[in-house]
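One structure is given below, encoded as structure tokens.
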Amino acid sequence: MTTTIATTTVNNNSFKTFKATRTNSKRLSSSRIKNASSKCLLENRITMRKRNSILSKTTTTRTTRLNVVSANKSSSSFEQEQNNSAADVFVSEMESSQIVSSPKNKSKLALVATTAALSLSAFAKPAAAAAAAAIAVNAGDTAWILTSSALVLFMTIPGLAAFYAGLVKRKNLITVLGQCFALTCMMTIIWFVCGYSMCFSTAGLFGTAAMKEGATGLSAFIGGLDKMFLAGVGPASMHETIPEILWVLYQCTFAIITPALMVGSMVERMKFNAVMWYCALWSFAVYFPACHMVWGGGGGYFADLGVLDFAGGIVVHITAGIGALVAAIKVGKRKEMEMTVGNLVLTFLGTAMLWVGWFGFNGGSALSAGA
């Protein structure tokens with residue numbers, strides 16, 4: 001009997017314990033369900049806020065882009081494409097960023113977008129000009145004039161230098177080679193500093209009237225200085241069908257060889273520094289004005305008279321010949337009348353080089369690889 005009562009008591013206690021455990025598990029499950037539902041609601045609220053902020057930000061950036069496009073309606077189609085692509089990139093970057101919360105940040109982003117688009121518009125203008133120039137450049141003409149420039153430079157160094165060096169005494173051979181090379185260096189510097197401007201600028205010198213066809217003024221005889229150091233000569237600058245910078249280079253080779261032609265009248269009779277000074281001053285007094293009057297275009301004195309010089313007969317050879325004659329008369333007779341040839345092989349090689357280079361001298365003057 002006692003055993004039965006004890007068993008019943010144990011069973012009752014076990015049942016109570018099981019019932020209590022089940023009740024606790026139910027309460028825990030209900031609390032977990034409540035926590036999960038609260039978490040879902042919180043996540044939904046956060047998602048809705050993010051969506052609203054992204055929509056607001058997208059609207060702001062699209063409005064900014066529309067304002068930028070409307071502000072640049074007068075620009076070319078090339079500039080518009082550049083601006084639109086840049087605005088798209090900027091919009092995508094802002095959409096991927098996290099700075100979206102306050103209206104103050106939105107106004108800052110709009111200001112930044114407008115400033116960036118206007119800056120890109122300023123950079124797009126030279127790019128559009130360069131693209132237009134690239135379309136106008138003739139590849140064949142450009143390649144031929146580049147080759148002709150190398151050929152004409154080849155006529156001076158080493159062609160003309162070797163030709164004159166072989167005709168003098170052996171002790172003066174290096175001097176003549178040095179004079180021709182130094183003239184090449186000096187005339188290149190003078191040409192790019194102010195020579196090109198004085199030959200081919202249409203502006204008046206020292207504020208005088210600009211060059212005009214049929215009008216005879218100072219600008220008909222010499223160009224201005226507005227293109228010193230190649231001011232205004234850029235990637236988009238053109239001369240007929242070739243880049244203007246290539247035209248500058250080609251004419252530079254003519255400015256180099258013209259004073260070098262006069263060296264033959266001064267060899268063995270003038271010091272090195274005297275030759276340099278004479279050729280430099282002669283270039284300013286004779287070559288630059290002659291080049292401007294003949295090749296400077298309409299408004300040049302000789303050009304208006306109908307004078308034609310296809311490949312330097314007047315600008316190069318006549319001026320150099322007269323300059324050499326004046327130098328020879330000024331220096332006077334030689335002390336030793338006997339001319340001793342130092343190296344005829346060198347003179348022969350120089351003659352051959354001059355012959356080859358003349359294809360660039362004459363053929364390149366057409367500024368075209370075709371008819």
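Chain labels run A, B, ... following the order of the structure tokens; each chain numbers its residues from 1, and ligands are numbered from 1 in the order shown.
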
Sorted by chain and rising residue number, which residues of range 262-299 of chain A lie within 10 Å of range 172-181 of chain A, and what are their closest atom pairs and distances in Å to one decimal, counting only C-alpha atoms, as a Markdown table?
| residue | atom | partner | partner_atom | distance |
| --- | --- | --- | --- | --- |
| A:Val263 | CA | A:Cys180 | CA | 7.6 |
| A:Gly264 | CA | A:Val176 | CA | 8.8 |
| A:Met266 | CA | A:Val176 | CA | 9.6 |
| A:Val267 | CA | A:Val176 | CA | 6.9 |
| A:Glu268 | CA | A:Asn172 | CA | 6.8 |
| A:Lys271 | CA | A:Thr175 | CA | 9.3 |
| A:Phe272 | CA | A:Gln179 | CA | 6.7 |
| A:Asn273 | CA | A:Gln179 | CA | 9.2 |
| A:Val275 | CA | A:Gln179 | CA | 7.7 |
| A:Met276 | CA | A:Gln179 | CA | 7.8 |

Output C-alpha atoms of each residue in that selection to a file, as an mmCIF file, in the first residue's frame.
data_model
loop_
_atom_site.group_PDB
_atom_site.id
_atom_site.type_symbol
_atom_site.label_atom_id
_atom_site.label_comp_id
_atom_site.auth_asym_id
_atom_site.auth_seq_id
_atom_site.Cartn_x
_atom_site.Cartn_y
_atom_site.Cartn_z
ATOM 1 C CA VAL A 263 78.872 79.561 -95.918
ATOM 2 C CA GLY A 264 80.671 78.700 -99.148
ATOM 3 C CA MET A 266 82.968 82.822 -96.243
ATOM 4 C CA VAL A 267 84.976 79.661 -95.651
ATOM 5 C CA GLU A 268 88.565 80.194 -94.558
ATOM 6 C CA LYS A 271 85.726 83.454 -87.819
ATOM 7 C CA PHE A 272 83.093 81.132 -86.428
ATOM 8 C CA ASN A 273 81.300 83.739 -84.283
ATOM 9 C CA VAL A 275 79.570 83.737 -89.408
ATOM 10 C CA MET A 276 76.918 83.121 -86.756
#

Spatial neighbours of Leu151 in chain A, 9 Å, only C-alpha atoms, chain gap at least 6 places, as a ChimeraX atom specification: /A:354,356-361

Limited to N, CA, C and O atoms, could you put the picked residues into a file as a PDB file, in the first residue's frame?
ATOM      1  N   LEU A 354      72.657  66.166-101.635  1.00  0.00           N
ATOM      2  CA  LEU A 354      71.871  67.315-102.086  1.00  0.00           C
ATOM      3  C   LEU A 354      70.910  66.918-103.199  1.00  0.00           C
ATOM      4  O   LEU A 354      69.762  67.382-103.249  1.00  0.00           O
ATOM      5  N   VAL A 356      69.553  63.944-103.730  1.00  0.00           N
ATOM      6  CA  VAL A 356      68.448  63.169-103.152  1.00  0.00           C
ATOM      7  C   VAL A 356      67.496  64.089-102.390  1.00  0.00           C
ATOM      8  O   VAL A 356      66.266  63.991-102.501  1.00  0.00           O
ATOM      9  N   GLY A 357      68.067  65.012-101.615  1.00  0.00           N
ATOM     10  CA  GLY A 357      67.226  65.898-100.819  1.00  0.00           C
ATOM     11  C   GLY A 357      66.361  66.826-101.634  1.00  0.00           C
ATOM     12  O   GLY A 357      65.318  67.298-101.150  1.00  0.00           O
ATOM     13  N   TRP A 358      66.756  67.069-102.882  1.00  0.00           N
ATOM     14  CA  TRP A 358      65.979  68.001-103.698  1.00  0.00           C
ATOM     15  C   TRP A 358      64.587  67.470-104.040  1.00  0.00           C
ATOM     16  O   TRP A 358      63.702  68.226-104.390  1.00  0.00           O
ATOM     17  N   PHE A 359      64.385  66.178-103.926  1.00  0.00           N
ATOM     18  CA  PHE A 359      63.035  65.649-104.131  1.00  0.00           C
ATOM     19  C   PHE A 359      62.082  66.178-103.070  1.00  0.00           C
ATOM     20  O   PHE A 359      60.904  66.412-103.353  1.00  0.00           O
ATOM     21  N   GLY A 360      62.578  66.342-101.848  1.00  0.00           N
ATOM     22  CA  GLY A 360      61.747  66.932-100.807  1.00  0.00           C
ATOM     23  C   GLY A 360      61.638  68.434-100.951  1.00  0.00           C
ATOM     24  O   GLY A 360      60.603  69.031-100.654  1.00  0.00           O
ATOM     25  N   PHE A 361      62.718  69.061-101.430  1.00  0.00           N
ATOM     26  CA  PHE A 361      62.740  70.513-101.600  1.00  0.00           C
ATOM     27  C   PHE A 361      61.718  70.955-102.639  1.00  0.00           C
ATOM     28  O   PHE A 361      60.924  71.882-102.404  1.00  0.00           O
TER      29      PHE A 361
END

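Comparing A:Leu183, A:Cys279, A:Val152, A:Met211 by their smallest distance to Ala327 in chain A, the closest is A:Cys279 (using only C-alpha atoms).
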
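Distance annotation: of A:Leu305, A:Val137, A:Ala165, A:Ile242, the residue with the minimal separation from Val345 in chain A is A:Ala165; atom set is only C-alpha atoms.
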
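The coordinates place CA of Gly232 in chain A at 21.0 Å from CA of Asn138 in chain A.
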
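Taking CA of Lys169 in chain A as the reference point, CA of Ile322 in chain A is found at 25.0 Å.
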
Range 349-353 of chain A surroundings by only C-alpha atoms, 10 Å radius, close-in-sequence under 6 positions cut, as a VMD selection string: chain A and resid 151 to 152 154 to 166

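Closest to Ile329 in chain A among A:Val286, A:Ser265, A:Trp277, A:Ile314 is A:Ser265, based on only C-alpha atoms.
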
Those of range 115-350 of chain A in DSSP helix (DSSP H, G or I), formatted as a ChimeraX atom specification: /A:115-136,139-165,170-200,205-207,218-220,228-230,244-265,272-295,301-304,313-331,344-350

From A:Gly214, A:Gly306, A:Met337, A:Ser149, residue lying nearest Ser365 in chain A [only C-alpha atoms]: A:Ser149

Near-Ile190 in chain A list (12 Å; only C-alpha atoms; drop same-chain fewer than 6 positions) as a ChimeraX atom specification: /A:183-184,196-199,228-230,252,255-256,279-281,283-284,288

Non-local contacts of Trp144 in chain A (10 Å; only C-alpha atoms; under 6 positions in same chain excluded) as a ChimeraX atom specification: /A:150,242,360,363-364,367-370

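Between CA of Ala209 in chain A and CA of Tyr301 in chain A lies a distance of 14.3 Å.
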
Which residues are near Thr340 in chain A? Cut-off 9 Å, only C-alpha atoms, ignore same chain within fewer than 2 positions. Put them as an mmCIF file with N, CA, C and O atoms, in the first residue's frame.
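Just written: selection04.cif:
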data_model
loop_
_atom_site.group_PDB
_atom_site.id
_atom_site.type_symbol
_atom_site.label_atom_id
_atom_site.label_comp_id
_atom_site.auth_asym_id
_atom_site.auth_seq_id
_atom_site.Cartn_x
_atom_site.Cartn_y
_atom_site.Cartn_z
ATOM 1 N N LEU A 167 85.687 70.917 -100.084
ATOM 2 C CA LEU A 167 86.295 71.887 -100.999
ATOM 3 C C LEU A 167 87.352 72.764 -100.330
ATOM 4 O O LEU A 167 88.027 73.531 -101.017
ATOM 5 N N VAL A 168 87.480 72.689 -99.021
ATOM 6 C CA VAL A 168 88.432 73.550 -98.313
ATOM 7 C C VAL A 168 89.656 72.736 -97.894
ATOM 8 O O VAL A 168 89.712 71.520 -98.068
ATOM 9 N N LYS A 169 90.635 73.428 -97.351
ATOM 10 C CA LYS A 169 91.840 72.753 -96.873
ATOM 11 C C LYS A 169 91.484 71.822 -95.721
ATOM 12 O O LYS A 169 90.505 72.022 -94.998
ATOM 13 N N ARG A 170 92.319 70.817 -95.532
ATOM 14 C CA ARG A 170 92.035 69.815 -94.508
ATOM 15 C C ARG A 170 91.953 70.439 -93.107
ATOM 16 O O ARG A 170 91.168 70.003 -92.274
ATOM 17 N N GLU A 338 95.374 80.577 -103.946
ATOM 18 C CA GLU A 338 95.349 79.174 -104.331
ATOM 19 C C GLU A 338 94.309 78.411 -103.505
ATOM 20 O O GLU A 338 94.327 78.447 -102.280
ATOM 21 N N GLY A 342 90.472 69.672 -100.207
ATOM 22 C CA GLY A 342 90.869 68.772 -99.126
ATOM 23 C C GLY A 342 90.407 67.350 -99.308
ATOM 24 O O GLY A 342 91.158 66.411 -99.045
#
